[in-house]
>>> print(open('target_37.cif').read())   # mmCIF, C-alpha atoms and all ligand atoms
data_start
loop_
_atom_site.label_atom_id
_atom_site.label_comp_id
_atom_site.auth_asym_id
_atom_site.auth_seq_id
_atom_site.Cartn_x
_atom_site.Cartn_y
_atom_site.Cartn_z
CA MET B 205 8.94 -8.64 -15.59
CA LYS B 206 5.85 -9.03 -17.80
CA PRO B 207 2.61 -8.92 -15.81
CA SER B 208 0.11 -11.68 -16.44
CA PRO B 209 -2.98 -10.77 -18.52
CA GLY B 210 -5.51 -8.76 -16.57
CA HIS B 211 -2.90 -7.51 -14.19
CA ILE B 212 -1.34 -4.45 -15.70
CA PRO B 213 -1.58 -1.88 -12.89
CA LEU B 214 -3.23 1.14 -14.50
CA LEU B 215 -1.33 3.76 -12.48
CA GLY B 216 2.03 2.04 -12.54
CA TRP B 217 2.98 2.13 -16.21
CA SER B 218 5.03 4.79 -17.96
CA ARG B 219 4.18 6.27 -21.34
CA LYS B 220 6.98 4.14 -22.87
CA GLN B 221 5.53 0.94 -21.41
CA TRP B 222 2.11 1.78 -22.86
CA GLU B 223 3.71 2.56 -26.22
CA ASP B 224 5.37 -0.87 -26.30
CA TRP B 225 2.17 -2.57 -25.20
CA LEU B 226 0.15 -0.81 -27.92
CA THR B 227 2.75 -1.64 -30.57
CA ASP B 228 2.66 -5.33 -29.54
CA ARG B 229 -1.08 -5.25 -30.24
CA ASP B 230 -0.74 -3.55 -33.63
CA CYS B 231 -2.26 -0.38 -32.22
CA SER B 232 -0.74 3.02 -32.80
CA PRO B 233 1.62 4.01 -29.98
CA VAL B 234 0.27 7.58 -30.16
CA HIS B 235 -2.61 6.48 -27.94
CA ALA B 236 -0.14 6.16 -25.08
CA VAL B 237 -0.13 9.95 -24.74
CA SER B 238 -3.94 10.08 -24.53
CA LEU B 239 -3.98 7.24 -22.02
CA VAL B 240 -1.40 8.84 -19.74
CA ARG B 241 -3.27 12.15 -19.96
CA GLU B 242 -6.63 10.57 -19.18
CA ILE B 243 -5.28 8.68 -16.17
CA HIS B 244 -2.81 11.05 -14.60
CA ARG B 245 -3.76 14.52 -15.80
CA HIS B 246 -7.54 14.18 -15.80
CA GLY B 247 -7.82 11.51 -13.11
CA GLU B 248 -10.01 9.30 -15.29
CA LEU B 249 -9.91 5.59 -14.49
CA SER B 250 -13.16 4.49 -16.14
CA LEU B 251 -12.39 3.09 -19.59
CA GLU B 252 -16.01 3.86 -20.61
CA ARG B 253 -15.35 7.55 -20.19
CA MET B 254 -11.94 7.70 -21.88
CA ASP B 255 -13.33 9.29 -25.02
CA SER B 256 -9.92 10.13 -26.46
CA ILE B 257 -9.03 6.42 -26.73
CA PRO B 258 -10.43 4.32 -29.64
CA GLN B 259 -12.88 1.55 -28.75
CA HIS B 260 -10.63 -1.34 -29.84
CA VAL B 261 -7.82 -0.06 -27.57
CA ARG B 262 -10.24 0.31 -24.68
CA ALA B 263 -11.42 -3.28 -25.24
CA ALA B 264 -7.83 -4.54 -24.93
CA LEU B 265 -7.29 -2.37 -21.86
CA ARG B 266 -10.45 -3.73 -20.27
CA GLU B 267 -9.10 -7.25 -20.61
CA GLN B 268 -5.58 -6.63 -19.47
CA THR B 269 -5.58 -3.94 -16.82
CA GLU B 270 -6.66 -3.61 -13.24
CA CYS B 271 -6.76 -0.70 -10.86
CA ALA B 272 -7.00 -1.49 -7.17
CA LEU B 273 -6.57 1.73 -5.23
CA PRO B 274 -5.46 1.89 -1.60
CA SER B 275 -8.40 2.60 0.73
CA VAL B 276 -8.43 5.54 3.11
CA VAL B 277 -8.49 4.26 6.68
CA GLU B 278 -8.20 7.62 8.39
CA SER B 279 -7.83 11.26 7.44
CA ASN B 280 -6.58 14.03 9.75
CA CYS B 281 -6.08 17.74 9.38
CA ALA B 282 -3.62 19.63 11.59
CA ARG B 283 -4.05 23.18 12.87
CA ASP B 284 -1.52 24.40 10.31
CA GLY B 285 -3.47 22.85 7.41
CA THR B 286 -1.24 19.77 7.03
CA ARG B 287 -3.26 16.70 6.11
CA LYS B 288 -2.39 13.11 6.78
CA TRP B 289 -4.03 10.04 5.31
CA LEU B 290 -3.61 6.47 6.44
CA LEU B 291 -3.93 4.28 3.37
CA ARG B 292 -4.47 0.53 3.44
CA LEU B 293 -2.77 -1.40 0.68
CA GLY B 294 -4.21 -4.57 -0.84
CA CYS B 295 -2.04 -6.75 1.40
CA GLY B 296 -3.37 -5.08 4.57
CA ASP B 297 -0.31 -2.96 5.39
CA VAL B 298 -1.13 0.64 6.23
CA ILE B 299 1.05 3.49 4.99
CA GLU B 300 0.91 7.23 5.52
CA THR B 301 0.82 10.10 3.05
CA VAL B 302 1.07 13.73 4.13
CA LEU B 303 0.09 16.91 2.26
CA ILE B 304 1.83 20.07 3.42
CA PRO B 305 0.39 23.33 2.10
CA ALA B 306 2.50 26.51 2.06
CA ALA B 307 2.34 29.84 0.25
CA GLY B 308 2.01 29.07 -3.46
CA ARG B 309 2.85 25.39 -3.16
CA ALA B 310 1.62 22.10 -1.79
CA THR B 311 4.10 19.34 -1.05
CA LEU B 312 3.10 15.70 -0.86
CA CYS B 313 5.25 13.50 1.35
CA LEU B 314 5.17 9.98 -0.10
CA SER B 315 5.92 6.57 1.38
CA SER B 316 8.10 4.23 -0.66
CA GLN B 317 8.02 1.20 1.67
CA ALA B 318 5.64 -0.20 4.25
CA GLY B 319 7.90 0.23 7.28
CA CYS B 320 11.68 0.50 7.04
CA VAL B 321 14.72 -1.68 7.70
CA LEU B 322 17.28 0.98 8.52
CA ASN B 323 16.56 1.40 12.22
CA CYS B 324 17.58 5.04 12.62
CA THR B 325 17.26 5.44 16.38
CA PHE B 326 15.29 8.71 16.32
CA CYS B 327 12.71 7.67 13.68
CA ARG B 328 9.31 6.31 14.52
CA THR B 329 8.90 4.37 11.29
CA ALA B 330 11.78 2.15 12.40
CA ARG B 331 9.64 0.97 15.35
CA SER B 332 6.94 -0.50 13.12
CA GLY B 333 9.27 -3.01 11.48
CA PHE B 334 9.46 -3.73 7.77
CA GLY B 335 6.64 -5.04 5.62
CA ARG B 336 7.63 -4.70 1.99
CA ASN B 337 8.51 -2.42 -0.87
CA LEU B 338 5.66 -0.52 -2.49
CA THR B 339 5.02 -1.09 -6.20
CA VAL B 340 5.15 1.77 -8.73
CA HIS B 341 1.35 1.65 -8.83
CA GLU B 342 1.14 2.03 -5.04
CA ILE B 343 3.59 4.93 -4.98
CA VAL B 344 1.82 6.76 -7.81
CA SER B 345 -1.59 5.96 -6.25
CA GLN B 346 -0.73 8.21 -3.32
CA LEU B 347 -0.31 11.24 -5.58
CA TRP B 348 -3.20 10.24 -7.84
CA LEU B 349 -5.61 9.88 -4.89
CA VAL B 350 -4.66 13.18 -3.29
CA ARG B 351 -4.60 15.06 -6.60
CA HIS B 352 -7.82 13.71 -8.06
CA ARG B 353 -9.96 12.49 -5.16
CA LEU B 354 -8.90 13.54 -1.68
CA GLN B 355 -7.73 17.15 -2.11
CA PRO B 356 -8.30 18.25 -5.73
CA GLU B 357 -8.71 21.89 -4.67
CA MET B 358 -5.09 22.00 -3.51
CA PRO B 359 -3.02 20.86 -6.52
CA VAL B 360 0.18 19.16 -5.46
CA THR B 361 3.18 21.10 -6.79
CA HIS B 362 6.02 19.10 -5.19
CA VAL B 363 6.58 15.52 -4.10
CA VAL B 364 9.18 14.41 -1.58
CA PHE B 365 10.05 10.81 -0.76
CA MET B 366 10.20 11.58 2.94
CA GLY B 367 7.35 9.43 4.18
CA MET B 368 7.77 5.86 5.37
CA GLY B 369 10.69 3.86 4.08
CA GLU B 370 14.06 4.27 2.43
CA PRO B 371 13.43 5.18 -1.21
CA LEU B 372 16.83 4.03 -2.45
CA ALA B 373 16.14 0.56 -1.05
CA ASN B 374 13.23 0.47 -3.53
CA LEU B 375 15.00 2.36 -6.26
CA ASP B 376 13.49 0.80 -9.39
CA ALA B 377 9.93 1.56 -8.31
CA VAL B 378 10.84 5.02 -7.01
CA ALA B 379 12.63 5.91 -10.26
CA ASP B 380 9.70 4.69 -12.38
CA ALA B 381 7.27 6.69 -10.25
CA ALA B 382 9.52 9.75 -10.54
CA HIS B 383 9.45 9.41 -14.35
CA LEU B 384 5.67 9.59 -14.26
CA PHE B 385 5.76 12.60 -11.95
CA ARG B 386 8.09 14.32 -14.41
CA ASP B 387 6.27 13.24 -17.59
CA PRO B 388 4.83 16.40 -19.21
CA HIS B 389 1.67 14.45 -20.13
CA ALA B 390 1.20 13.13 -16.59
CA TYR B 391 2.11 15.35 -13.60
CA SER B 392 4.62 17.54 -15.43
CA MET B 393 6.87 18.27 -12.45
CA GLY B 394 10.33 19.78 -12.79
CA CYS B 395 13.44 18.13 -11.38
CA ARG B 396 13.37 20.42 -8.36
CA GLN B 397 9.77 19.48 -7.66
CA VAL B 398 10.62 15.82 -7.07
CA THR B 399 12.97 15.09 -4.15
CA VAL B 400 14.30 11.72 -3.07
CA SER B 401 15.55 11.65 0.52
CA THR B 402 18.00 8.95 1.58
CA ALA B 403 19.64 7.80 4.78
CA GLY B 404 22.77 7.36 2.66
CA LEU B 405 22.76 4.24 0.49
CA VAL B 406 25.85 5.13 -1.54
CA PRO B 407 25.37 2.72 -4.50
CA GLY B 408 21.74 3.86 -4.69
CA ILE B 409 22.81 7.50 -4.96
CA ASP B 410 25.09 6.63 -7.87
CA ARG B 411 22.34 4.67 -9.60
CA LEU B 412 19.73 7.34 -9.00
CA ARG B 413 22.01 9.81 -10.81
CA GLN B 414 21.94 7.53 -13.85
CA VAL B 415 18.25 6.65 -13.93
CA ALA B 416 16.35 9.76 -12.83
CA ASP B 417 16.65 13.53 -12.90
CA VAL B 418 15.41 14.52 -9.45
CA SER B 419 16.64 16.45 -6.42
CA LEU B 420 18.57 14.57 -3.78
CA ALA B 421 18.24 15.08 -0.02
CA VAL B 422 20.61 13.27 2.31
CA SER B 423 19.90 12.66 5.99
CA LEU B 424 23.26 13.37 7.60
CA HIS B 425 22.39 14.20 11.22
CA ALA B 426 26.01 14.08 12.49
CA PRO B 427 29.38 15.37 11.25
CA ASP B 428 31.43 12.45 12.60
CA ASP B 429 31.23 8.72 12.02
CA VAL B 430 31.09 7.66 15.68
CA LEU B 431 27.96 9.65 16.41
CA ARG B 432 26.38 9.03 13.01
CA THR B 433 26.74 5.27 13.42
CA GLN B 434 25.05 5.51 16.81
CA LEU B 435 22.12 7.41 15.29
CA MET B 436 22.02 5.63 11.94
CA PRO B 437 23.45 2.09 11.84
CA ILE B 438 23.71 2.27 8.02
CA ASN B 439 26.69 4.61 8.56
CA ALA B 440 28.85 1.65 9.56
CA ARG B 441 28.45 0.43 6.03
CA TYR B 442 28.61 3.76 4.19
CA PRO B 443 30.62 6.21 6.30
CA ILE B 444 30.44 9.96 5.89
CA ASP B 445 33.45 10.35 3.56
CA ASP B 446 31.98 7.83 1.11
CA LEU B 447 28.54 9.37 1.42
CA LEU B 448 29.72 12.91 0.75
CA ALA B 449 31.83 11.69 -2.19
CA ALA B 450 28.64 10.20 -3.68
CA CYS B 451 26.87 13.51 -3.04
CA ARG B 452 29.63 15.33 -4.95
CA ARG B 453 29.24 12.94 -7.88
CA TYR B 454 25.49 13.54 -7.80
CA ALA B 455 25.94 17.30 -7.71
CA ASP B 456 28.33 17.19 -10.68
CA GLY B 457 26.34 14.72 -12.75
CA GLY B 458 23.45 15.30 -15.09
CA SER B 459 22.79 18.12 -17.45
CA ARG B 460 23.05 20.87 -14.83
CA LYS B 461 24.76 21.48 -11.52
CA ARG B 462 22.60 20.36 -8.66
CA LYS B 463 22.58 21.37 -5.03
CA ILE B 464 22.22 18.59 -2.50
CA ILE B 465 19.87 19.12 0.42
CA ILE B 466 21.53 18.04 3.65
CA GLU B 467 19.04 17.17 6.38
CA TYR B 468 20.12 17.48 9.99
CA VAL B 469 17.67 16.74 12.79
CA LEU B 470 18.62 18.64 15.95
CA LEU B 471 18.61 16.36 19.01
CA ASP B 472 19.05 17.96 22.42
CA ASP B 473 22.57 17.43 23.78
CA VAL B 474 23.30 14.78 21.18
CA ASN B 475 24.35 16.47 17.93
CA ASP B 476 23.57 20.16 18.48
CA SER B 477 26.77 21.64 20.02
CA PRO B 478 28.61 24.61 18.47
CA GLU B 479 31.62 22.29 17.88
CA ARG B 480 29.45 19.96 15.85
CA ALA B 481 28.08 22.90 13.87
CA ARG B 482 31.66 23.88 12.98
CA ALA B 483 32.60 20.30 12.17
CA LEU B 484 29.53 20.04 9.93
CA ALA B 485 30.48 23.23 8.11
CA GLY B 486 33.99 21.83 7.60
CA ARG B 487 32.60 18.63 6.10
CA LEU B 488 30.31 20.47 3.71
CA ARG B 489 32.65 23.21 2.55
CA ASP B 490 33.32 21.78 -0.91
CA LEU B 491 29.83 20.42 -1.56
CA PRO B 492 27.19 22.49 -3.40
CA CYS B 493 24.48 22.11 -0.80
CA LYS B 494 21.90 23.67 1.43
CA VAL B 495 21.33 22.48 4.99
CA ASN B 496 17.81 21.91 6.29
CA LEU B 497 17.85 21.88 10.09
CA ILE B 498 14.91 19.82 11.30
CA PRO B 499 13.57 20.28 14.83
CA PHE B 500 13.19 16.80 16.31
CA ASN B 501 9.58 15.67 16.38
CA ALA B 502 9.08 13.74 19.55
CA PHE B 503 7.12 10.51 19.85
CA PRO B 504 6.52 8.29 22.89
CA GLU B 505 9.60 6.40 24.08
CA SER B 506 11.89 7.95 21.51
CA GLY B 507 14.49 8.66 24.18
CA TYR B 508 15.35 11.99 22.53
CA ALA B 509 14.24 15.57 22.98
CA ALA B 510 14.22 18.50 20.60
CA SER B 511 17.01 21.06 20.93
CA PRO B 512 15.79 24.29 22.53
CA GLU B 513 15.21 27.17 20.13
CA PRO B 514 18.27 29.23 21.17
CA VAL B 515 20.49 26.18 20.55
CA ARG B 516 18.91 25.65 17.14
CA ASN B 517 19.41 29.29 16.26
CA ARG B 518 23.04 29.25 17.37
CA PHE B 519 23.69 26.09 15.33
CA ARG B 520 22.26 27.76 12.23
CA GLU B 521 24.19 30.99 12.82
CA ILE B 522 27.48 29.09 13.02
CA LEU B 523 26.77 27.34 9.73
CA CYS B 524 25.93 30.68 8.11
CA GLU B 525 29.06 32.32 9.54
CA GLU B 526 31.06 29.47 8.01
CA GLY B 527 29.49 30.17 4.63
CA ILE B 528 26.97 27.32 4.56
CA VAL B 529 23.39 28.08 3.52
CA ALA B 530 21.14 26.76 6.27
CA ILE B 531 17.47 27.08 7.05
CA THR B 532 15.41 25.70 9.91
CA ARG B 533 12.50 23.68 8.69
CA ARG B 534 9.30 24.50 10.48
CA PRO B 535 7.69 21.37 11.92
CA ARG B 536 4.41 20.78 10.13
CA GLY B 537 1.43 18.78 11.26
CA ASP B 538 2.99 17.74 14.55
CA ASP B 539 -0.36 17.84 16.37
CA ILE B 540 -1.53 14.92 14.18
CA ALA B 541 1.83 13.09 14.18
CA ALA B 542 2.34 13.90 10.52
CA ALA B 543 5.74 15.52 10.88
CA CYS B 544 9.07 14.02 9.76
CA GLY B 545 9.84 10.78 11.52
CA GLN B 546 6.45 10.52 13.19
CA LEU B 547 4.96 8.31 10.52
CA ALA B 548 4.32 4.86 11.86
CA GLY B 549 1.70 3.19 9.70
CA LYS B 550 0.78 -0.35 10.60
CA ILE B 551 2.63 -3.30 9.22
CA ARG B 552 0.36 -6.30 9.32
CA LYS B 553 3.14 -8.86 9.55
CA PRO B 554 6.53 -7.28 10.17
CA ARG B 555 9.20 -9.53 8.72
CA ALA B 556 10.83 -10.20 12.05
CA GLY B 557 12.38 -13.46 10.93
CA MET B 558 13.86 -12.06 7.74
CA PRO B 559 17.58 -11.42 7.45
CA TRP B 560 17.30 -7.65 7.67
CA ALA B 561 15.84 -7.86 11.16
CA ASP B 562 19.40 -8.68 12.16
CA HIS B 563 21.32 -5.49 12.66
CA SER B 564 24.57 -6.87 11.29
CA VAL B 565 22.98 -7.09 7.84
CA LEU B 566 23.03 -3.30 7.71
CA THR B 567 26.72 -3.18 8.36
CA HIS B 568 28.14 -6.28 6.66
CA GLY B 569 27.42 -8.44 3.66
CA PRO B 570 24.85 -7.88 0.93
CA LEU B 571 22.18 -5.26 1.42
CA PRO B 572 18.65 -6.33 2.29
CA THR B 573 15.96 -5.90 -0.36
CA ALA B 574 12.27 -6.65 -0.36
CA SER B 575 12.63 -9.97 -2.10
CA GLY B 576 15.51 -11.21 -0.01
CA VAL B 577 19.12 -10.24 -0.01
CA ALA B 578 20.90 -8.73 -2.99
CA GLY B 579 24.27 -7.36 -3.88
N1 LIG O 601 14.64 7.15 4.60
C1 LIG O 601 14.70 8.49 4.11
C2 LIG O 601 13.37 9.23 4.28
C3 LIG O 601 13.02 9.33 5.72
S1 LIG O 601 12.07 10.57 6.47
C4 LIG O 601 15.81 9.25 4.82
O1 LIG O 601 16.35 8.74 5.78
O2 LIG O 601 16.16 10.34 4.36
C5 LIG O 601 12.64 12.13 6.08
C6 LIG O 601 13.51 12.85 7.11
O3 LIG O 601 12.96 12.89 8.43
C7 LIG O 601 14.87 12.21 7.25
O4 LIG O 601 15.86 13.20 7.23
C8 LIG O 601 14.78 11.60 8.63
O5 LIG O 601 16.06 11.38 9.17
C9 LIG O 601 13.98 12.63 9.36
N2 LIG O 601 13.42 12.17 10.63
C10 LIG O 601 13.22 10.90 11.03
N3 LIG O 601 12.69 10.87 12.26
C11 LIG O 601 12.54 12.15 12.66
C12 LIG O 601 12.00 12.77 13.84
N4 LIG O 601 11.48 12.05 14.83
N5 LIG O 601 12.00 14.11 13.90
C13 LIG O 601 12.48 14.84 12.87
N6 LIG O 601 12.97 14.32 11.74
C14 LIG O 601 13.00 12.98 11.63
#
>>> encode(input="target_37.cif", output="structure tokens")
Amino acid sequence: MKPSPGHIPLLGWSRKQWEDWLTDRDCSPVHAVSLVREIHRHGELSLERMDSIPQHVRAALREQTECALPSVVESNCARDGTRKWLLRLGCGDVIETVLIPAAGRATLCLSSQAGCVLNCTFCRTARSGFGRNLTVHEIVSQLWLVRHRLQPEMPVTHVVFMGMGEPLANLDAVADAAHLFRDPHAYSMGCRQVTVSTAGLVPGIDRLRQVADVSLAVSLHAPDDVLRTQLMPINARYPIDDLLAACRRYADGGSRKRKIIIEYVLLDDVNDSPERARALAGRLRDLPCKVNLIPFNAFPESGYAASPEPVRNRFREILCEEGIVAITRRPRGDDIAAACGQLAGKIRKPRAGMPWADHSVLTHGPLPTASGVAG
């Protein structure tokens, strides 16, 4: 879709889009590199100061572009150094972005939607309802703001789409943002530095393989369909066999072999028994993967509790004995509700009346999208 004049979102366009735009205006497409570098590498948004861009190009940019950034509503820092920002988008919805520092790296956890439709029973984002998909500009803004304004002294080395929302339900925007993250003139991240985490939208996994070269994480959380459907209603539509087949295609595809990250949140007395650990190992035997065991991060009225440490350890040992690589992810930022599944944001007007508020839409018929219902 062509934006109307004056509405090209400065942070949302790829180098290729700028090249085409410049060519349409009889300007040399080489300026696209300078523009992408000014904006994303140097954090420069003022056209006056973009000295590497000729005046006539800047004049056209001035007329045709805009750059509304999300505003910071709140900023918190946890005891372990994790930082969380609440960002208000132009429409009033509030999303969350979390920066997780660790030895030699800093990972930014990005939101791809305001709210979420998938209703995983253990996830807090599900409780806030669904607002809308974020645009490319809004997704990239989160990294741009943290990198260039909010925490420039802690350069982000990795991004993970593990904030609010289901990234594969907003695949076009997520893939375009990922291209910018990977662009050597923009954020220059490698394919292992950009991770898309999904609750298991099988067609989305197949499309992601074709349109982006990024790491894939899959939220599995149960080795059998009965339990997984209870925890994640989307499983009724894409059961585990289909999901793992898509993971295998993803692992085989692309220029190199890729390992899938399998996420498994450990819920006390729900999915953490030794039998389930063995069943999980059986399911994963022929998949190149690594399992991330996530301690459940509690939130009020979740109805779940975290598995005790000895249970978690036993679960991991069984996986390792069965030849599966498994690590336990340390909860980060839980004292400021910044850990996995604690992100709630504030959706100004949840789309309660929209078709995806009805649970059956997740299991039958066309999948919900931001603009309505699509195949
Ligand atoms: N929609 C994507 C991204 C969601 S958040 C997905 O489902 O993968 C990233 C991870 O946090 C997912 O594995 C999700 O299942 C997990 N998660 C959700 N709620 C959680 C909670 N309360 N405690 C721990 N992990 C949680």
>>> residues_near_ligand(input="target_37.cif", ligand="ligand LIG 601 (chain O)", cutoff="7 Å", atoms="all atoms listed in the file", output="PyMOL selection string")
chain B and resi 326-328+365-371+401-403+421-423+467-469+498-503+544-546
>>> closest_atom_pairs(input="target_37.cif", of="region 328-431 of chain B", to="region 214-230 of chain B", cutoff="7 Å", atoms="only C-alpha atoms", output="JSON lines")
{"residue": "B:Val340", "atom": "CA", "partner": "B:Gly216", "partner_atom": "CA", "distance": 4.9}
{"residue": "B:His341", "atom": "CA", "partner": "B:Gly216", "partner_atom": "CA", "distance": 3.8}
{"residue": "B:Val344", "atom": "CA", "partner": "B:Leu215", "partner_atom": "CA", "distance": 6.4}
{"residue": "B:Ser345", "atom": "CA", "partner": "B:Leu215", "partner_atom": "CA", "distance": 6.6}
{"residue": "B:Leu384", "atom": "CA", "partner": "B:Ser218", "partner_atom": "CA", "distance": 6.1}
>>> axis_aligned_box(input="target_37.cif", around="region 532-542 of chain B", padding_each_side="5 Å", output="AutoDock Vina command-line options")
--center_x 6.9 --center_y 19.4 --center_z 12.5 --size_x 26.9 --size_y 22.6 --size_z 17.7
>>> closest_residue(input="target_37.cif", among="B:Arg331, B:His260, B:Asp472, B:Gly296", to="Glu505 (chain B)", atoms="only C-alpha atoms")
B:Arg331
>>> atom_distance(input="target_37.cif", atom1="CA of Ser392 (chain B)", atom2="CA of His362 (chain B)")
10.5 Å
>>> closest_residue(input="target_37.cif", among="B:Leu239, B:Leu290, B:Cys313, B:Ala282", to="Val261 (chain B)", atoms="all atoms listed in the file")
B:Leu239
>>> residues_near_point(input="target_37.cif", point="(2.0, -5.0, 3.2)", cutoff="6 Å", atoms="all atoms listed in the file", output="ChimeraX atom specification")
/B:295-297,335-336
>>> residues_around(input="target_37.cif", residues="region 435-445 of chain B", least_positions_apart="6", cutoff="9 Å", atoms="all atoms listed in the file", output="short mmCIF file (atom, residue, chain, number, x, y, z; two decimals) with C-alpha atoms, in the frame of the given file")
data_model
loop_
_atom_site.label_atom_id
_atom_site.label_comp_id
_atom_site.auth_asym_id
_atom_site.auth_seq_id
_atom_site.Cartn_x
_atom_site.Cartn_y
_atom_site.Cartn_z
CA LEU B 322 17.28 0.98 8.52
CA ASN B 323 16.56 1.40 12.22
CA CYS B 324 17.58 5.04 12.62
CA THR B 325 17.26 5.44 16.38
CA PHE B 326 15.29 8.71 16.32
CA ALA B 403 19.64 7.80 4.78
CA GLY B 404 22.77 7.36 2.66
CA LEU B 405 22.76 4.24 0.49
CA VAL B 406 25.85 5.13 -1.54
CA LEU B 424 23.26 13.37 7.60
CA HIS B 425 22.39 14.20 11.22
CA ALA B 426 26.01 14.08 12.49
CA PRO B 427 29.38 15.37 11.25
CA ASP B 428 31.43 12.45 12.60
CA ASP B 429 31.23 8.72 12.02
CA ARG B 487 32.60 18.63 6.10
CA HIS B 563 21.32 -5.49 12.66
CA LEU B 566 23.03 -3.30 7.71
CA THR B 567 26.72 -3.18 8.36
CA HIS B 568 28.14 -6.28 6.66
#
>>> atom_distance(input="target_37.cif", atom1="CA of Ile465 (chain B)", atom2="CA of Arg533 (chain B)")
12.0 Å
>>> residues_around(input="target_37.cif", residues="Gly294 (chain B)", least_positions_apart="5", cutoff="10 Å", atoms="only C-alpha atoms", output="PyMOL selection string")
chain B and resi 272-275+342
>>> write_last_selection(input="target_37.cif", atoms="C-alpha atoms", output="mmCIF file, keeping the file's coordinate frame")
data_model
loop_
_atom_site.group_PDB
_atom_site.id
_atom_site.type_symbol
_atom_site.label_atom_id
_atom_site.label_comp_id
_atom_site.auth_asym_id
_atom_site.auth_seq_id
_atom_site.Cartn_x
_atom_site.Cartn_y
_atom_site.Cartn_z
ATOM 1 C CA ALA B 272 -7.000 -1.490 -7.170
ATOM 2 C CA LEU B 273 -6.570 1.730 -5.230
ATOM 3 C CA PRO B 274 -5.460 1.890 -1.600
ATOM 4 C CA SER B 275 -8.400 2.600 0.730
ATOM 5 C CA GLU B 342 1.140 2.030 -5.040
#
>>> atom_distance(input="target_37.cif", atom1="CA of Leu338 (chain B)", atom2="CA of Val378 (chain B)")
8.8 Å
>>> residues_around(input="target_37.cif", residues="Pro388 (chain B)", least_positions_apart="5", cutoff="10 Å", atoms="only C-alpha atoms", output="list of chain:residue names")
B:Val237, B:Val240, B:Arg241, B:Arg245, B:His383, B:Met393, B:Gly394
>>> closest_residue(input="target_37.cif", among="B:Leu375, B:Val364, B:Ile540, B:Cys320", to="Val415 (chain B)", atoms="all atoms listed in the file")
B:Leu375
>>> closest_residue(input="target_37.cif", among="B:His211, B:Arg482, B:Arg287, B:Lys494", to="Val350 (chain B)", atoms="only C-alpha atoms")
B:Arg287
>>> residues_around(input="target_37.cif", residues="Lys463 (chain B)", least_positions_apart="4", cutoff="9 Å", atoms="only C-alpha atoms", output="PyMOL selection string")
chain B and resi 419-420+454-455+491-494
